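File shown: query38.cif. Contents: mmCIF, C-alpha atoms.
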data_start
#
loop_
_atom_site.label_atom_id
_atom_site.label_comp_id
_atom_site.auth_asym_id
_atom_site.auth_seq_id
_atom_site.Cartn_x
_atom_site.Cartn_y
_atom_site.Cartn_z
CA MET E 1 116.98 149.18 120.56
CA ASN E 2 116.51 146.71 117.74
CA LYS E 3 114.25 143.77 118.35
CA LYS E 4 115.93 140.37 118.38
CA PHE E 5 114.33 137.36 116.73
CA LEU E 6 115.30 133.71 116.59
CA VAL E 7 114.67 131.51 113.54
CA ILE E 8 115.36 127.79 114.02
CA LEU E 9 116.30 125.62 111.04
CA ALA E 10 116.26 121.82 111.00
CA ASP E 11 117.06 119.59 108.02
CA GLY E 12 113.99 119.48 105.80
CA PHE E 13 112.93 123.10 106.45
CA GLU E 14 111.00 124.81 103.64
CA GLU E 15 113.48 127.20 102.04
CA ILE E 16 111.11 129.91 100.75
CA GLU E 17 109.38 130.14 104.12
CA ALA E 18 112.62 130.43 106.10
CA VAL E 19 114.50 132.76 103.77
CA THR E 20 111.54 135.09 103.19
CA VAL E 21 111.10 135.64 106.93
CA ILE E 22 114.81 136.16 107.64
CA ASP E 23 115.24 138.54 104.68
CA VAL E 24 112.11 140.60 105.37
CA LEU E 25 112.76 140.89 109.12
CA ARG E 26 116.32 142.07 108.44
CA ARG E 27 115.01 144.61 105.93
CA ALA E 28 112.84 145.94 108.78
CA GLY E 29 115.89 146.35 111.05
CA VAL E 30 115.14 143.31 113.20
CA GLU E 31 118.22 141.49 114.48
CA VAL E 32 117.69 137.90 113.34
CA PHE E 33 119.72 134.98 114.66
CA VAL E 34 119.41 131.87 112.52
CA ALA E 35 120.08 128.80 114.68
CA GLY E 36 120.75 125.34 113.26
CA LEU E 37 119.08 122.60 115.32
CA ILE E 38 122.02 120.17 115.09
CA ASP E 39 124.55 121.59 112.64
CA ASN E 40 125.50 124.93 111.09
CA LYS E 41 124.83 123.52 107.64
CA VAL E 42 121.12 122.91 107.28
CA LYS E 43 119.62 121.33 104.17
CA GLY E 44 116.12 122.34 103.15
CA SER E 45 113.32 120.28 101.65
CA ARG E 46 114.42 121.29 98.12
CA GLN E 47 118.11 120.52 98.72
CA ILE E 48 119.17 124.11 99.29
CA THR E 49 121.74 124.24 102.11
CA VAL E 50 121.79 127.37 104.26
CA LEU E 51 124.55 128.20 106.74
CA ALA E 52 123.03 129.05 110.10
CA ASP E 53 124.53 131.88 112.18
CA GLY E 54 125.17 129.39 114.98
CA LEU E 55 123.87 126.35 116.80
CA LEU E 56 120.69 126.19 118.83
CA ALA E 57 122.75 124.83 121.73
CA GLN E 58 124.47 128.25 122.02
CA VAL E 59 121.19 130.12 122.22
CA ASN E 60 119.56 131.48 125.39
CA SER E 61 115.99 132.78 125.57
CA ASP E 62 116.96 136.42 125.23
CA PHE E 63 114.80 137.10 122.17
CA ASP E 64 111.68 139.14 121.48
CA GLY E 65 110.24 136.42 119.35
CA LEU E 66 110.77 133.18 117.51
CA VAL E 67 109.88 131.97 114.02
CA LEU E 68 109.47 128.35 112.95
CA PRO E 69 109.48 127.64 109.21
CA GLY E 70 107.61 124.67 107.82
CA GLY E 71 108.63 121.76 105.70
CA GLY E 72 107.17 118.52 107.07
CA GLN E 73 110.45 116.83 107.96
CA GLY E 74 111.94 120.02 109.36
CA ALA E 75 108.90 120.61 111.58
CA LEU E 76 109.00 117.00 112.86
CA ARG E 77 112.66 117.45 113.85
CA LEU E 78 111.84 120.69 115.68
CA ALA E 79 108.94 118.99 117.50
CA GLU E 80 111.25 116.19 118.68
CA SER E 81 113.73 118.62 120.26
CA ASP E 82 113.44 119.19 124.01
CA LYS E 83 115.41 122.42 123.66
CA VAL E 84 113.02 123.76 120.99
CA ASN E 85 109.97 122.84 123.06
CA ALA E 86 111.43 124.40 126.22
CA LEU E 87 112.32 127.61 124.33
CA ILE E 88 108.81 127.91 122.88
CA LYS E 89 107.13 127.31 126.23
CA GLY E 90 109.47 129.75 127.97
CA MET E 91 108.96 132.48 125.41
CA PHE E 92 105.20 131.89 125.34
CA ALA E 93 105.06 132.26 129.11
CA LYS E 94 106.89 135.60 128.79
CA ASN E 95 104.40 136.73 126.13
CA LYS E 96 107.00 136.88 123.37
CA ILE E 97 105.92 136.54 119.73
CA ILE E 98 105.68 132.93 118.53
CA ALA E 99 105.32 132.68 114.75
CA ALA E 100 104.99 129.46 112.76
CA ILE E 101 104.10 128.59 109.18
CA CYS E 102 103.04 125.54 107.12
CA ALA E 103 103.51 122.30 109.06
CA ALA E 104 104.97 124.00 112.15
CA PRO E 105 101.74 125.27 113.80
CA ALA E 106 100.20 121.77 113.76
CA ILE E 107 103.36 119.70 114.32
CA VAL E 108 105.30 121.88 116.76
CA LEU E 109 102.99 124.40 118.47
CA SER E 110 99.74 122.49 118.90
CA PRO E 111 101.19 119.54 120.89
CA LEU E 112 102.61 122.02 123.42
CA GLY E 113 99.08 123.24 124.19
CA ILE E 114 99.95 126.87 123.52
CA LEU E 115 97.28 127.18 120.80
CA ALA E 116 94.50 126.15 123.21
CA GLY E 117 91.44 128.33 122.64
CA LYS E 118 93.29 130.35 120.02
CA LYS E 119 92.68 130.96 116.33
CA ALA E 120 95.43 129.56 114.12
CA THR E 121 96.12 128.35 110.61
CA CYS E 122 98.51 125.87 108.95
CA PHE E 123 99.22 124.02 105.69
CA PRO E 124 95.94 122.81 104.13
CA GLY E 125 94.93 119.47 105.63
CA MET E 126 97.35 119.67 108.58
CA GLU E 127 94.58 121.23 110.68
CA GLU E 128 93.50 117.62 111.30
CA LYS E 129 96.52 117.39 113.58
CA PHE E 130 95.48 120.43 115.63
CA ASN E 131 94.29 119.69 119.15
CA GLN E 132 90.49 119.97 119.32
CA ASP E 133 90.73 123.17 121.35
CA VAL E 134 92.42 125.07 118.48
CA LYS E 135 90.15 127.29 116.36
CA PHE E 136 91.35 126.63 112.80
CA VAL E 137 90.92 129.56 110.39
CA ALA E 138 91.59 129.07 106.64
CA LYS E 139 93.31 132.43 106.14
CA ALA E 140 96.82 133.20 104.79
CA VAL E 141 97.88 134.73 108.11
CA VAL E 142 96.15 134.44 111.47
CA ILE E 143 97.12 136.52 114.50
CA ASP E 144 95.77 135.71 117.95
CA GLY E 145 97.48 137.45 120.80
CA ASN E 146 101.19 136.80 120.52
CA ILE E 147 100.77 133.83 118.15
CA ILE E 148 101.14 134.40 114.40
CA THR E 149 100.50 131.47 112.05
CA SER E 150 100.49 131.03 108.28
CA ARG E 151 100.10 128.35 105.61
CA ALA E 152 102.64 127.79 102.82
CA PRO E 153 105.48 129.23 100.68
CA GLY E 154 102.94 131.34 98.79
CA THR E 155 101.86 133.04 102.03
CA ALA E 156 105.39 133.47 103.42
CA MET E 157 105.78 137.10 102.31
CA GLU E 158 102.46 138.09 103.89
CA PHE E 159 103.45 136.15 107.05
CA ALA E 160 106.82 137.94 107.24
CA LEU E 161 105.21 141.35 106.77
CA ALA E 162 102.59 140.55 109.44
CA ILE E 163 105.42 139.77 111.88
CA VAL E 164 107.11 143.08 110.98
CA GLU E 165 103.84 144.92 111.54
CA GLU E 166 103.41 143.29 114.97
CA ILE E 167 106.99 144.15 115.99
CA SER E 168 107.57 147.51 114.38
CA GLY E 169 104.19 148.86 113.35
CA PHE E 170 102.29 149.55 110.15
CA SER E 171 104.58 152.19 108.68
CA MET E 172 107.68 149.97 108.84
CA ALA E 173 105.72 147.08 107.32
CA GLN E 174 104.49 149.43 104.62
CA LYS E 175 108.04 150.61 103.92
CA VAL E 176 109.29 147.05 103.45
CA ARG E 177 106.17 146.13 101.45
CA GLN E 178 106.97 148.92 98.99
CA ALA E 179 110.67 148.04 98.82
CA VAL E 180 109.95 144.43 97.85
CA LEU E 181 106.91 145.27 95.64
CA GLN E 182 104.42 143.31 97.67
CA MET O 183 114.02 113.93 80.19
CA ASN O 184 114.08 116.56 82.91
CA LYS O 185 115.00 120.07 81.88
CA LYS O 186 118.26 121.39 83.30
CA PHE O 187 118.56 124.94 84.56
CA LEU O 188 121.49 126.95 85.87
CA VAL O 189 121.16 129.55 88.63
CA ILE O 190 124.25 131.67 89.26
CA LEU O 191 124.86 133.20 92.69
CA ALA O 192 127.35 135.98 93.43
CA ASP O 193 127.92 137.63 96.81
CA GLY O 194 125.16 140.18 97.34
CA PHE O 195 122.44 138.16 95.58
CA GLU O 196 118.87 138.75 96.76
CA GLU O 197 117.98 135.69 98.83
CA ILE O 198 114.20 135.56 98.33
CA GLU O 199 114.59 135.89 94.56
CA ALA O 200 117.22 133.15 94.30
CA VAL O 201 115.68 130.67 96.73
CA THR O 202 112.13 131.06 95.41
CA VAL O 203 113.25 130.24 91.87
CA ILE O 204 115.40 127.25 92.87
CA ASP O 205 112.69 125.83 95.17
CA VAL O 206 109.82 126.29 92.71
CA LEU O 207 111.75 124.91 89.72
CA ARG O 208 112.74 121.82 91.74
CA ARG O 209 109.10 121.36 92.80
CA ALA O 210 108.29 121.29 89.07
CA GLY O 211 110.83 118.54 88.45
CA VAL O 212 113.43 120.81 86.83
CA GLU O 213 117.05 119.80 87.53
CA VAL O 214 118.58 122.97 88.96
CA PHE O 215 122.32 123.47 89.33
CA VAL O 216 123.22 126.33 91.64
CA ALA O 217 126.65 127.68 90.69
CA GLY O 218 128.68 130.02 92.90
CA LEU O 219 130.49 132.70 90.89
CA ILE O 220 133.72 132.53 92.92
CA ASP O 221 133.11 130.31 95.94
CA ASN O 222 130.74 127.58 97.06
CA LYS O 223 129.66 129.71 100.00
CA VAL O 224 127.75 132.68 98.69
CA LYS O 225 126.48 135.43 101.00
CA GLY O 226 123.28 137.22 100.05
CA SER O 227 122.30 140.86 100.46
CA ARG O 228 120.63 140.09 103.81
CA GLN O 229 123.58 138.06 105.16
CA ILE O 230 122.09 134.66 104.46
CA THR O 231 124.81 132.32 103.20
CA VAL O 232 123.76 129.61 100.77
CA LEU O 233 125.96 126.68 99.75
CA ALA O 234 126.09 126.43 95.96
CA ASP O 235 126.03 122.99 94.32
CA GLY O 236 129.38 123.81 92.68
CA LEU O 237 131.49 126.51 91.11
CA LEU O 238 130.68 128.34 87.90
CA ALA O 239 134.14 127.38 86.61
CA GLN O 240 132.98 123.73 86.50
CA VAL O 241 129.93 124.53 84.43
CA ASN O 242 129.54 124.01 80.67
CA SER O 243 126.69 125.41 78.61
CA ASP O 244 124.68 122.21 78.63
CA PHE O 245 121.53 123.74 80.13
CA ASP O 246 118.03 124.47 78.89
CA GLY O 247 118.01 127.83 80.59
CA LEU O 248 119.62 130.16 83.06
CA VAL O 249 118.27 132.31 85.88
CA LEU O 250 119.94 135.40 87.33
CA PRO O 251 118.68 136.63 90.70
CA GLY O 252 118.93 140.30 91.61
CA GLY O 253 120.47 142.14 94.49
CA GLY O 254 122.40 145.17 93.24
CA GLN O 255 125.87 144.03 94.34
CA GLY O 256 125.27 140.48 93.19
CA ALA O 257 124.13 141.64 89.76
CA LEU O 258 127.18 143.91 89.41
CA ARG O 259 129.48 140.97 90.16
CA LEU O 260 127.69 138.82 87.57
CA ALA O 261 127.99 141.62 84.98
CA GLU O 262 131.75 141.87 85.59
CA SER O 263 132.31 138.17 84.91
CA ASP O 264 133.51 137.22 81.41
CA LYS O 265 132.34 133.65 82.02
CA VAL O 266 128.82 134.78 82.94
CA ASN O 267 128.60 137.07 79.91
CA ALA O 268 129.88 134.37 77.56
CA LEU O 269 127.40 131.83 78.97
CA ILE O 270 124.47 134.22 78.55
CA LYS O 271 125.43 135.12 74.97
CA GLY O 272 126.00 131.48 74.07
CA MET O 273 122.69 130.34 75.54
CA PHE O 274 120.85 133.27 73.97
CA ALA O 275 122.29 132.35 70.56
CA LYS O 276 120.98 128.80 71.06
CA ASN O 277 117.52 130.13 71.95
CA LYS O 278 117.66 128.85 75.54
CA ILE O 279 115.57 130.53 78.23
CA ILE O 280 117.28 133.52 79.86
CA ALA O 281 115.48 134.69 83.01
CA ALA O 282 116.51 137.62 85.20
CA ILE O 283 114.89 139.55 88.06
CA CYS O 284 115.33 142.83 89.93
CA ALA O 285 118.69 144.50 89.10
CA ALA O 286 119.85 141.69 86.79
CA PRO O 287 117.88 142.59 83.61
CA ALA O 288 119.29 146.15 83.59
CA ILE O 289 122.77 145.45 85.00
CA VAL O 290 123.58 142.10 83.37
CA LEU O 291 121.35 141.49 80.33
CA SER O 292 120.93 144.95 78.81
CA PRO O 293 124.67 145.72 78.36
CA LEU O 294 125.01 142.50 76.34
CA GLY O 295 122.50 143.82 73.79
CA ILE O 296 120.28 140.76 74.07
CA LEU O 297 117.25 142.84 75.12
CA ALA O 298 117.45 144.97 71.95
CA GLY O 299 113.94 145.55 70.58
CA LYS O 300 112.45 143.36 73.32
CA LYS O 301 109.98 144.06 76.09
CA ALA O 302 111.48 143.67 79.56
CA THR O 303 111.05 144.75 83.16
CA CYS O 304 113.34 145.26 86.18
CA PHE O 305 113.47 146.75 89.68
CA PRO O 306 111.62 150.10 89.74
CA GLY O 307 113.95 152.89 88.64
CA MET O 308 116.60 150.58 87.18
CA GLU O 309 114.93 150.88 83.76
CA GLU O 310 116.99 154.08 83.44
CA LYS O 311 119.97 151.79 82.93
CA PHE O 312 118.28 149.92 80.07
CA ASN O 313 119.72 150.55 76.61
CA GLN O 314 117.40 152.85 74.65
CA ASP O 315 116.35 149.98 72.40
CA VAL O 316 114.75 148.04 75.28
CA LYS O 317 110.97 148.38 75.63
CA PHE O 318 110.44 148.74 79.38
CA VAL O 319 107.12 147.39 80.70
CA ALA O 320 106.11 148.02 84.33
CA LYS O 321 104.62 144.56 84.91
CA ALA O 322 105.52 141.93 87.55
CA VAL O 323 106.68 139.46 84.88
CA VAL O 324 107.42 140.18 81.22
CA ILE O 325 108.01 137.44 78.66
CA ASP O 326 109.37 138.26 75.20
CA GLY O 327 110.54 135.29 73.18
CA ASN O 328 113.01 133.34 75.31
CA ILE O 329 113.64 136.23 77.73
CA ILE O 330 111.72 136.31 81.03
CA THR O 331 112.21 139.31 83.34
CA SER O 332 110.75 140.35 86.67
CA ARG O 333 111.05 143.08 89.31
CA ALA O 334 111.62 142.32 93.00
CA PRO O 335 111.33 139.82 95.88
CA GLY O 336 107.56 140.37 95.94
CA THR O 337 107.30 139.23 92.31
CA ALA O 338 109.73 136.29 92.66
CA MET O 339 107.03 133.65 93.09
CA GLU O 340 105.15 134.82 90.00
CA PHE O 341 108.49 134.93 88.11
CA ALA O 342 109.36 131.37 89.16
CA LEU O 343 105.93 130.09 88.15
CA ALA O 344 106.18 131.87 84.78
CA ILE O 345 109.48 130.08 84.15
CA VAL O 346 107.85 126.74 85.06
CA GLU O 347 104.97 127.47 82.69
CA GLU O 348 107.41 128.25 79.85
CA ILE O 349 109.42 125.07 80.48
CA SER O 350 106.75 122.57 81.48
CA GLY O 351 103.41 124.05 80.52
CA PHE O 352 100.36 125.44 82.28
CA SER O 353 99.24 122.32 84.09
CA MET O 354 102.60 121.80 85.84
CA ALA O 355 102.68 125.50 86.79
CA GLN O 356 99.14 125.15 88.10
CA LYS O 357 100.10 122.06 90.12
CA VAL O 358 102.98 123.90 91.80
CA ARG O 359 100.85 127.03 92.27
CA GLN O 360 98.31 124.96 94.20
CA ALA O 361 100.98 123.17 96.24
CA VAL O 362 102.50 126.43 97.45
CA LEU O 363 99.14 128.26 97.79
CA GLN O 364 99.96 130.95 95.27
#
Encoded form (structure tokens):
Amino acid sequence: MNKKFLVILADGFEEIEAVTVIDVLRRAGVEVFVAGLIDNKVKGSRQITVLADGLLAQVNSDFDGLVLPGGGQGALRLAESDKVNALIKGMFAKNKIIAAICAAPAIVLSPLGILAGKKATCFPGMEEKFNQDVKFVAKAVVIDGNIITSRAPGTAMEFALAIVEEISGFSMAQKVRQAVLQ
Amino acid sequence: MNKKFLVILADGFEEIEAVTVIDVLRRAGVEVFVAGLIDNKVKGSRQITVLADGLLAQVNSDFDGLVLPGGGQGALRLAESDKVNALIKGMFAKNKIIAAICAAPAIVLSPLGILAGKKATCFPGMEEKFNQDVKFVAKAVVIDGNIITSRAPGTAMEFALAIVEEISGFSMAQKVRQAVLQ
């Protein structure tokens, strides 16, 4: 059965980070549901509006993993949402994959305590917002257990392919890598 | 004065290619108008719907350059549009920048004859559709005069930064490159 992943978009999300992950996961046969935090129309940090597949309010926790794009304002809005925080904590407790890039590891994941004792990365400089118990690593993609973190639009493709490799294995990641010329 | 660029989206466009160019050009201070070929809602090849800024029918040729994303079906729809073909030929005649990636160089630009005698690249294998007078080069980004071509989602960031460098110079491209960690 296909894996099911949730991507949550809030106004101010970073468009390259969000779209690269959705596109690459779908290329790998992952069923991706794109949920808008408040509205179906979600406007990114560079004024690109994407239509979500539905609203976060409609979503239950029946996913194999979750991806949070960055964009400072988008990440702040995600962090302020009780529903987002409850979903992350619930999925973390069930050992699902939690992936976050750019501002999202520091702004959304770290305050929930789920990075405690783990290696993680984020947008350069935002590691100052990590809780002290997070082991910051300045790499493009960092995987520690079921947590996958990354840094910026320029690392989004590598981040997306790392998620595919975790879900579907090396050969599927390699197949997508070749198809997109990465 | 800011440079003005046009990006045309048709159903079936490749999302990473389109969004990466729009995002990166806006980061560089370029005014980007995203025009939907038929409708404001344009659905990409991986089912991501983007809201265009307006319809192509509203657009005049008052731009400094034009970018065509790939996606096989999207490129075919662009190639079938008289308005798109007229815009490209008009802007080419005025020495504006014409940039195309993936399927678009072979499917849209080559049939118009504007690649004649020029070096260009495209999605691997699609070079078979190039007119015989096109000099195919298997590089991520190829620049020949005012024509910039590229290959796939994995080369979209390099393509976008090459366009920025052509428009705004090395130091602006370098600034964006550093901001996105490319």
Practice item. Give me the residues within 9 Å of Pro111 (chain E) as a ChimeraX atom specification, counting all atoms listed in the file and dropping any in the same chain fewer than 4 places off. Key: /E:79,106-107,115,129-131
Exercise for review: Select residues of chain O: the criterion is any atom within 6 Å of an atom of chain E, counting all atoms listed in the file; output as a PyMOL selection string.
Suggested key: chain O and resi 198+202+205+228+231-233+334-336+362-364
Point to revise | Chain and number of each residue from the PyMOL selection byres ((chain O and resi 276-279) around 9), as a count of residues only | key: 20
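Reported to one decimal place, the separation of CA of Val358 (chain O) from CA of Val7 (chain E) is 25.8 Å.
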Exercise for review: Please evaluate the PyMOL selection byres ((chain O and resi 258-260) around 8) against the displayed coordinates and give the resulting residues as number ranges by chain.
Suggested key: O: 192-193, 219, 254-257, 261-263, 266-267, 289-290
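The shortest atom-to-atom distance to Ile101 (chain E), with all atoms listed in the file taken into account, belongs to E:Lys139 out of E:Lys175, E:Lys83, E:Lys139, E:Lys118.
Here CA of Ile190 (chain O) is placed at a distance of 10.0 Å from CA of Gly236 (chain O).
The list of residues with at least one atom within 7 Å of Leu238 (chain O), based on only C-alpha atoms and without residues fewer than 3 positions apart in the same chain, reads Ala217, Gly218, Leu219 and Val241 of chain O.
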Adding 3 Å on each side of the box along x, y and z that holds all listed atoms of region 356-363 of chain O, could you give its centre and edge lengths in Å to one decimal, as AutoDock Vina command-line options?
--center_x 100.6 --center_y 125.2 --center_z 92.9 --size_x 10.7 --size_y 12.2 --size_z 15.7
Revision key, fill the gap. Using all atoms listed in the file, the residue out of E:Ala138, E:Ile143, E:Leu6, E:Leu68 with shortest distance to Glu31 (chain E) is E:Leu6
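As for CA of Ile270 (chain O) and CA of Ala285 (chain O), they are spaced 15.8 Å apart.
When the PyMOL selection byres ((chain E and resi 135) around 8) is evaluated against the file, it yields Gly117, Lys118, Lys119, Ala120, Gln132, Asp133, Val134, Phe136 and Val137 of chain E.
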Output region 313-323 of chain O from the block with all heavy atoms, as a PDB file, in the first residue's frame?
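Produced file decode.pdb, reproduced below:
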ATOM      1  N   ASN O 313      15.386  20.892 -33.957  1.00  0.00           N
ATOM      2  CA  ASN O 313      15.720  21.042 -35.373  1.00  0.00           C
ATOM      3  C   ASN O 313      17.207  20.701 -35.556  1.00  0.00           C
ATOM      4  O   ASN O 313      18.000  20.869 -34.620  1.00  0.00           O
ATOM      5  CB  ASN O 313      15.496  22.490 -35.834  1.00  0.00           C
ATOM      6  CG  ASN O 313      14.026  22.872 -35.821  1.00  0.00           C
ATOM      7  OD1 ASN O 313      13.152  22.011 -35.714  1.00  0.00           O
ATOM      8  ND2 ASN O 313      13.755  24.166 -35.919  1.00  0.00           N
ATOM      9  N   GLN O 314      17.567  20.262 -36.758  1.00  0.00           N
ATOM     10  CA  GLN O 314      18.955  19.837 -36.989  1.00  0.00           C
ATOM     11  C   GLN O 314      19.951  20.981 -36.843  1.00  0.00           C
ATOM     12  O   GLN O 314      21.139  20.746 -36.626  1.00  0.00           O
ATOM     13  CB  GLN O 314      19.071  19.230 -38.386  1.00  0.00           C
ATOM     14  CG  GLN O 314      18.395  17.854 -38.466  1.00  0.00           C
ATOM     15  CD  GLN O 314      18.909  17.030 -39.629  1.00  0.00           C
ATOM     16  OE1 GLN O 314      19.221  17.575 -40.670  1.00  0.00           O
ATOM     17  NE2 GLN O 314      19.012  15.727 -39.439  1.00  0.00           N
ATOM     18  N   ASP O 315      19.467  22.215 -36.960  1.00  0.00           N
ATOM     19  CA  ASP O 315      20.389  23.352 -36.873  1.00  0.00           C
ATOM     20  C   ASP O 315      20.654  23.816 -35.437  1.00  0.00           C
ATOM     21  O   ASP O 315      21.357  24.797 -35.215  1.00  0.00           O
ATOM     22  CB  ASP O 315      19.873  24.529 -37.727  1.00  0.00           C
ATOM     23  CG  ASP O 315      18.427  24.892 -37.402  1.00  0.00           C
ATOM     24  OD1 ASP O 315      17.903  24.395 -36.370  1.00  0.00           O
ATOM     25  OD2 ASP O 315      17.823  25.663 -38.163  1.00  0.00           O
ATOM     26  N   VAL O 316      20.094  23.092 -34.450  1.00  0.00           N
ATOM     27  CA  VAL O 316      20.356  23.443 -33.046  1.00  0.00           C
ATOM     28  C   VAL O 316      21.568  22.656 -32.558  1.00  0.00           C
ATOM     29  O   VAL O 316      21.690  21.461 -32.811  1.00  0.00           O
ATOM     30  CB  VAL O 316      19.132  23.105 -32.154  1.00  0.00           C
ATOM     31  CG1 VAL O 316      19.392  23.550 -30.722  1.00  0.00           C
ATOM     32  CG2 VAL O 316      17.866  23.736 -32.705  1.00  0.00           C
ATOM     33  N   LYS O 317      22.481  23.338 -31.860  1.00  0.00           N
ATOM     34  CA  LYS O 317      23.672  22.664 -31.329  1.00  0.00           C
ATOM     35  C   LYS O 317      23.412  22.205 -29.897  1.00  0.00           C
ATOM     36  O   LYS O 317      23.590  22.976 -28.950  1.00  0.00           O
ATOM     37  CB  LYS O 317      24.875  23.631 -31.358  1.00  0.00           C
ATOM     38  CG  LYS O 317      25.244  24.103 -32.768  1.00  0.00           C
ATOM     39  CD  LYS O 317      26.309  25.203 -32.704  1.00  0.00           C
ATOM     40  CE  LYS O 317      26.535  25.854 -34.056  1.00  0.00           C
ATOM     41  NZ  LYS O 317      27.244  27.146 -33.950  1.00  0.00           N
ATOM     42  N   PHE O 318      22.983  20.956 -29.744  1.00  0.00           N
ATOM     43  CA  PHE O 318      22.664  20.428 -28.420  1.00  0.00           C
ATOM     44  C   PHE O 318      23.919  20.292 -27.557  1.00  0.00           C
ATOM     45  O   PHE O 318      24.929  19.759 -27.986  1.00  0.00           O
ATOM     46  CB  PHE O 318      21.994  19.057 -28.541  1.00  0.00           C
ATOM     47  CG  PHE O 318      21.843  18.356 -27.227  1.00  0.00           C
ATOM     48  CD1 PHE O 318      21.006  18.856 -26.238  1.00  0.00           C
ATOM     49  CD2 PHE O 318      22.573  17.196 -26.951  1.00  0.00           C
ATOM     50  CE1 PHE O 318      20.885  18.220 -25.011  1.00  0.00           C
ATOM     51  CE2 PHE O 318      22.451  16.549 -25.729  1.00  0.00           C
ATOM     52  CZ  PHE O 318      21.605  17.062 -24.763  1.00  0.00           C
ATOM     53  N   VAL O 319      23.818  20.773 -26.308  1.00  0.00           N
ATOM     54  CA  VAL O 319      24.910  20.651 -25.336  1.00  0.00           C
ATOM     55  C   VAL O 319      24.339  20.015 -24.070  1.00  0.00           C
ATOM     56  O   VAL O 319      23.346  20.498 -23.536  1.00  0.00           O
ATOM     57  CB  VAL O 319      25.509  22.036 -24.980  1.00  0.00           C
ATOM     58  CG1 VAL O 319      26.687  21.882 -24.032  1.00  0.00           C
ATOM     59  CG2 VAL O 319      25.931  22.790 -26.236  1.00  0.00           C
ATOM     60  N   ALA O 320      24.967  18.934 -23.604  1.00  0.00           N
ATOM     61  CA  ALA O 320      24.436  18.206 -22.441  1.00  0.00           C
ATOM     62  C   ALA O 320      24.929  18.821 -21.129  1.00  0.00           C
ATOM     63  O   ALA O 320      25.537  18.144 -20.309  1.00  0.00           O
ATOM     64  CB  ALA O 320      24.825  16.737 -22.541  1.00  0.00           C
ATOM     65  N   LYS O 321      24.649  20.098 -20.930  1.00  0.00           N
ATOM     66  CA  LYS O 321      25.016  20.776 -19.677  1.00  0.00           C
ATOM     67  C   LYS O 321      23.761  21.208 -18.922  1.00  0.00           C
ATOM     68  O   LYS O 321      22.696  21.387 -19.520  1.00  0.00           O
ATOM     69  CB  LYS O 321      25.866  22.017 -19.983  1.00  0.00           C
ATOM     70  CG  LYS O 321      27.338  21.698 -20.258  1.00  0.00           C
ATOM     71  CD  LYS O 321      28.105  22.945 -20.627  1.00  0.00           C
ATOM     72  CE  LYS O 321      28.059  24.036 -19.557  1.00  0.00           C
ATOM     73  NZ  LYS O 321      28.750  25.274 -20.011  1.00  0.00           N
ATOM     74  N   ALA O 322      23.888  21.433 -17.613  1.00  0.00           N
ATOM     75  CA  ALA O 322      22.732  21.802 -16.778  1.00  0.00           C
ATOM     76  C   ALA O 322      22.088  23.107 -17.257  1.00  0.00           C
ATOM     77  O   ALA O 322      20.857  23.227 -17.288  1.00  0.00           O
ATOM     78  CB  ALA O 322      23.158  21.932 -15.322  1.00  0.00           C
ATOM     79  N   VAL O 323      22.920  24.073 -17.611  1.00  0.00           N
ATOM     80  CA  VAL O 323      22.417  25.357 -18.112  1.00  0.00           C
ATOM     81  C   VAL O 323      23.270  25.762 -19.310  1.00  0.00           C
ATOM     82  O   VAL O 323      24.500  25.678 -19.244  1.00  0.00           O
ATOM     83  CB  VAL O 323      22.497  26.466 -17.045  1.00  0.00           C
ATOM     84  CG1 VAL O 323      22.032  27.809 -17.614  1.00  0.00           C
ATOM     85  CG2 VAL O 323      21.679  26.100 -15.815  1.00  0.00           C
TER      86      VAL O 323
END
